[in-house]
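J.: I'm passing along upload.txt; it holds compact mmCIF, C-alpha atoms and all ligand atoms.
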```
# COMPACT_ATOMS: atom_id res chain seq x y z
CA MET Y 169 55.03 -21.98 179.35
CA ARG Y 170 55.52 -18.37 180.32
CA ALA Y 171 56.07 -15.41 178.00
CA GLY Y 172 57.95 -12.20 178.76
CA ILE Y 173 58.38 -8.94 176.89
CA GLY Y 174 61.29 -6.53 176.94
CA TYR Y 175 61.98 -3.11 175.50
CA ASP Y 176 64.98 -0.81 175.47
CA ALA Y 177 66.19 2.29 173.69
CA HIS Y 178 69.49 4.13 173.78
CA ARG Y 179 70.80 7.40 172.37
CA LEU Y 180 73.29 7.33 169.48
CA VAL Y 181 76.42 9.42 170.02
CA GLU Y 182 79.80 9.96 168.38
CA GLY Y 183 82.83 8.30 169.87
CA ARG Y 184 81.21 5.03 170.99
CA PRO Y 185 81.43 1.63 169.31
CA LEU Y 186 78.07 0.31 168.08
CA ILE Y 187 77.42 -3.01 169.83
CA LEU Y 188 74.17 -4.83 169.03
CA GLY Y 189 73.40 -8.37 170.05
CA GLY Y 190 77.00 -8.63 171.23
CA VAL Y 191 78.30 -7.86 167.73
CA ARG Y 192 80.40 -4.84 166.82
CA VAL Y 193 78.64 -3.15 163.90
CA PRO Y 194 80.74 -0.69 161.87
CA PHE Y 195 79.14 2.78 162.16
CA HIS Y 196 80.29 6.31 162.97
CA LYS Y 197 78.18 6.41 166.14
CA GLY Y 198 77.47 4.08 169.04
CA LEU Y 199 74.84 3.67 171.74
CA LEU Y 200 75.29 5.69 174.90
CA GLY Y 201 74.69 3.82 178.14
CA HIS Y 202 76.10 3.01 181.55
CA SER Y 203 77.01 -0.37 180.07
CA ASP Y 204 77.97 -0.88 176.43
CA GLY Y 205 74.46 0.33 175.49
CA ASP Y 206 73.49 -2.89 173.73
CA ALA Y 207 69.74 -2.23 173.52
CA LEU Y 208 69.05 -5.56 171.84
CA VAL Y 209 70.63 -7.58 174.64
CA HIS Y 210 68.93 -5.40 177.26
CA ALA Y 211 65.50 -5.99 175.73
CA ILE Y 212 66.17 -9.74 175.62
CA ILE Y 213 67.34 -9.77 179.25
CA ASP Y 214 64.12 -8.05 180.36
CA ALA Y 215 62.00 -10.46 178.31
CA LEU Y 216 63.74 -13.47 179.89
CA LEU Y 217 63.55 -12.08 183.43
CA GLY Y 218 59.90 -11.12 182.91
CA ALA Y 219 58.95 -14.59 181.73
CA ALA Y 220 60.66 -16.13 184.76
CA HIS Y 221 59.14 -13.49 187.09
CA MET Y 222 62.63 -12.63 188.25
CA GLY Y 223 62.35 -8.84 188.18
CA ASP Y 224 64.05 -6.73 185.55
CA MET Y 225 67.50 -5.80 184.33
CA GLY Y 226 67.72 -2.76 186.59
CA SER Y 227 67.08 -4.83 189.71
CA HIS Y 228 69.86 -7.31 188.85
CA PHE Y 229 72.41 -4.93 187.31
CA PRO Y 230 71.69 -1.44 188.69
CA SER Y 231 73.35 1.43 186.81
CA SER Y 232 74.15 2.88 190.27
CA ASN Y 233 76.71 0.07 190.59
CA PRO Y 234 80.02 1.29 189.13
CA SER Y 235 81.06 -2.29 188.29
CA TYR Y 236 78.55 -2.23 185.43
CA LYS Y 237 80.15 0.85 183.86
CA ASP Y 238 80.83 0.00 180.19
CA ALA Y 239 79.89 -3.60 181.06
CA ASP Y 240 79.79 -6.15 178.26
CA SER Y 241 76.05 -6.81 178.05
CA GLY Y 242 76.78 -10.29 176.71
CA VAL Y 243 78.31 -11.16 180.08
CA LEU Y 244 75.15 -9.90 181.80
CA LEU Y 245 73.09 -12.10 179.47
CA GLU Y 246 75.25 -15.07 180.51
CA ARG Y 247 74.48 -14.29 184.15
CA VAL Y 248 70.76 -14.20 183.38
CA ALA Y 249 71.09 -17.55 181.60
CA GLU Y 250 72.72 -18.95 184.78
CA LEU Y 251 69.85 -17.58 186.89
CA LEU Y 252 67.32 -19.22 184.58
CA ARG Y 253 69.14 -22.55 184.60
CA GLY Y 254 69.43 -22.35 188.38
CA GLY Y 255 65.65 -21.95 188.58
CA GLY Y 256 65.06 -24.86 186.21
CA TRP Y 257 63.75 -22.66 183.39
CA MET Y 258 64.29 -23.70 179.78
CA VAL Y 259 64.34 -21.24 176.89
CA VAL Y 260 61.76 -22.19 174.27
CA ASN Y 261 62.53 -19.26 171.99
CA VAL Y 262 63.47 -15.60 171.87
CA ASP Y 263 62.25 -13.27 169.13
CA ALA Y 264 63.36 -9.67 168.83
CA THR Y 265 62.96 -6.64 166.60
CA MET Y 266 65.62 -3.94 166.29
CA VAL Y 267 64.66 -0.51 165.01
CA ALA Y 268 67.50 1.47 163.49
CA GLU Y 269 67.28 3.94 160.63
CA ARG Y 270 70.95 3.35 159.78
CA PRO Y 271 73.14 1.35 159.34
CA VAL Y 272 71.55 -1.57 157.53
CA LEU Y 273 71.67 -4.37 160.12
CA ALA Y 274 70.65 -7.32 157.97
CA PRO Y 275 74.26 -8.39 157.25
CA TYR Y 276 74.90 -8.77 161.02
CA ILE Y 277 71.76 -10.63 162.06
CA ASP Y 278 73.24 -14.11 161.75
CA ALA Y 279 76.31 -13.13 163.79
CA MET Y 280 74.01 -11.64 166.47
CA ARG Y 281 71.93 -14.83 166.63
CA GLN Y 282 75.12 -16.87 166.96
CA GLU Y 283 76.48 -14.66 169.73
CA LEU Y 284 73.20 -14.50 171.66
CA ALA Y 285 72.79 -18.28 171.42
CA ARG Y 286 76.35 -18.77 172.69
CA ARG Y 287 75.79 -16.47 175.66
CA LEU Y 288 72.46 -18.12 176.48
CA GLY Y 289 73.79 -21.62 175.95
CA VAL Y 290 70.99 -22.53 173.53
CA ASP Y 291 70.73 -23.53 169.89
CA ARG Y 292 70.80 -20.57 167.52
CA ASP Y 293 67.57 -21.79 165.93
CA LEU Y 294 65.81 -20.66 169.14
CA ILE Y 295 66.83 -17.04 168.53
CA THR Y 296 65.28 -14.88 165.81
CA ILE Y 297 65.95 -11.20 165.13
CA LYS Y 298 64.39 -8.80 162.69
CA ALA Y 299 65.73 -5.37 161.80
CA LYS Y 300 63.51 -2.51 160.66
CA THR Y 301 63.76 1.21 160.03
CA ASN Y 302 61.22 3.64 161.48
CA ASP Y 303 60.38 5.13 158.06
CA GLY Y 304 61.99 8.41 159.08
CA LEU Y 305 59.55 8.97 161.93
CA GLY Y 306 60.39 10.24 165.41
CA PHE Y 307 63.71 9.91 167.27
CA LEU Y 308 64.35 6.52 165.72
CA GLY Y 309 63.72 7.77 162.23
CA ALA Y 310 65.94 10.79 162.84
CA GLY Y 311 68.78 8.46 163.83
CA GLU Y 312 68.98 9.93 167.33
CA GLY Y 313 68.77 6.50 168.89
CA MET Y 314 67.95 2.84 168.43
CA ALA Y 315 65.32 0.67 170.09
CA ALA Y 316 64.67 -3.03 170.52
CA TRP Y 317 61.68 -5.14 171.48
CA ALA Y 318 61.98 -8.77 172.51
CA VAL Y 319 59.68 -11.60 173.47
CA ALA Y 320 60.87 -14.69 175.30
CA LEU Y 321 59.04 -17.94 175.90
CA LEU Y 322 60.23 -20.14 178.76
CA GLN Y 323 59.24 -23.57 179.89
CA GLU Y 324 58.47 -23.63 183.60
CA PRO Y 325 60.49 -25.78 185.99
CA ALA Y 326 59.09 -29.32 186.19
MG MG Y 401 69.61 -0.39 178.22
```
Now that the file is in, can you turn its structure into structure tokens?
T.:
Amino acid sequence: MRAGIGYDAHRLVEGRPLILGGVRVPFHKGLLGHSDGDALVHAIIDALLGAAHMGDMGSHFPSSNPSYKDADSGVLLERVAELLRGGGWMVVNVDATMVAERPVLAPYIDAMRQELARRLGVDRDLITIKAKTNDGLGFLGAGEGMAAWAVALLQEPA
């Protein structure tokens, strides 16, 4: 077994849809990024790549590449899943924590798990997500951005 950790944070701005875990969450702001800004998916991608010692998200999908402008991060997660399968890696589980002061994310967690599992090609029971606020502290607490942490456990190729 090999474990990997991932982290990501993005700035919240007006005029962008809020996409988290591949799910459109109704809110008056969205995450700014070269791609769709889906910090949850980005943290999970880095956790998976780290566990498989396959580099990081930036090395596979550089923001200098214009083809990733406004990219659907779910599609990038699918590509990572293909890389893992190609290397014989099996996903044991993925656990993630989202930090967002607002909106309340709990009603969307199940849809995110479903979407992430679909993109990864695994059972949704292997994906767990928690959502927390930052108790008003710092840039997260001020609602200036959102952050995500993820841990992935992979089974090594036989
Ligand atoms: Mg990112």
J.: Would you name the residues within 10 Å of ligand MG 401 (chain Y), counting all atoms listed in the file, and put them as a list in words?
T.: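 Going residue by residue within 10 Å of ligand MG 401 (chain Y), we get Tyr175, Asp176, Ala177, His178, Arg179, Leu199, Leu200, Gly201, His202, Ser203, Asp204, Gly205, Asp206, Ala207, Leu208, Val209, His210, Ala211, Ile213, Asp214, Met225, Gly226, Ser231, Ser241, Ala315 and Ala316 of chain Y.
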J.: What is the distance, in Å and to one decimal place, between atom CA of Ala310 of chain Y and atom CA of Gly198 of chain Y?
T.: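 About the pair atom CA of Ala310 of chain Y and atom CA of Gly198 of chain Y: they are 14.7 Å apart.
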J.: Counting all atoms listed in the file, figure out which residue out of Y:Ala318, Y:Leu294, Y:Leu216, Y:Ala299 gets nearest to Val260 of chain Y.
T.: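 Ranked by minimum distance to Val260 of chain Y, first place goes to Y:Leu294.
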J.: Between Y:Ala171, Y:Met258, Y:Ala215, Y:Leu244, single out the one closest to Gln323 of chain Y, counting only C-alpha atoms.
T.: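 Of Y:Ala171, Y:Met258, Y:Ala215, Y:Leu244, the one nearest Gln323 of chain Y is Y:Met258, counting only C-alpha atoms.
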J.: Which polymer residues, whether protein, DNA or RNA, lie within 12 Å of the coordinate (59.8, -13.0, 187.1) when you count all atoms listed in the file? List them as a ChimeraX atom specification, using the chain letters and numbers from the file.
T.: /Y:170-173,213-225,227-228,248,251-252,255,257,320,322,324
J.: When you count all atoms listed in the file, which of these residues is closest to Arg253 of chain Y: Y:Met314, Y:Val193, Y:Leu188, Y:Val290?
T.: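 So, comparing all the options, the nearest one is Y:Val290.
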J.: How many Å lie between atom CA of Arg192 of chain Y and atom CA of Ser235 of chain Y, rounded to one decimal?
T.: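 For atom CA of Arg192 of chain Y relative to atom CA of Ser235 of chain Y, the distance reads 21.6 Å.
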J.: So, with only C-alpha atoms as the atoms that count, which of Y:Asp278, Y:Glu250, Y:Glu283, Y:Lys197 lies closest to Gly183 of chain Y?
T.: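 Nearest to Gly183 of chain Y: Y:Lys197.
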J.: Find the distance between atom CA of Glu312 of chain Y and atom CA of Pro194 of chain Y and write it in Å to one decimal.
T.: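 Atom-to-atom, atom CA of Glu312 of chain Y to atom CA of Pro194 of chain Y, that is 16.8 Å.
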J.: Specify the axis-aligned box that encloses all atoms of segment 250-259 of chain Y listed in the file after padding of 6 Å on each side, stating its centre and edge lengths in Å to one decimal as AutoDock Vina command-line options.
T.:
```
--center_x 68.2 --center_y -21.2 --center_z 182.7 --size_x 21.0 --size_y 19.3 --size_z 23.7
```
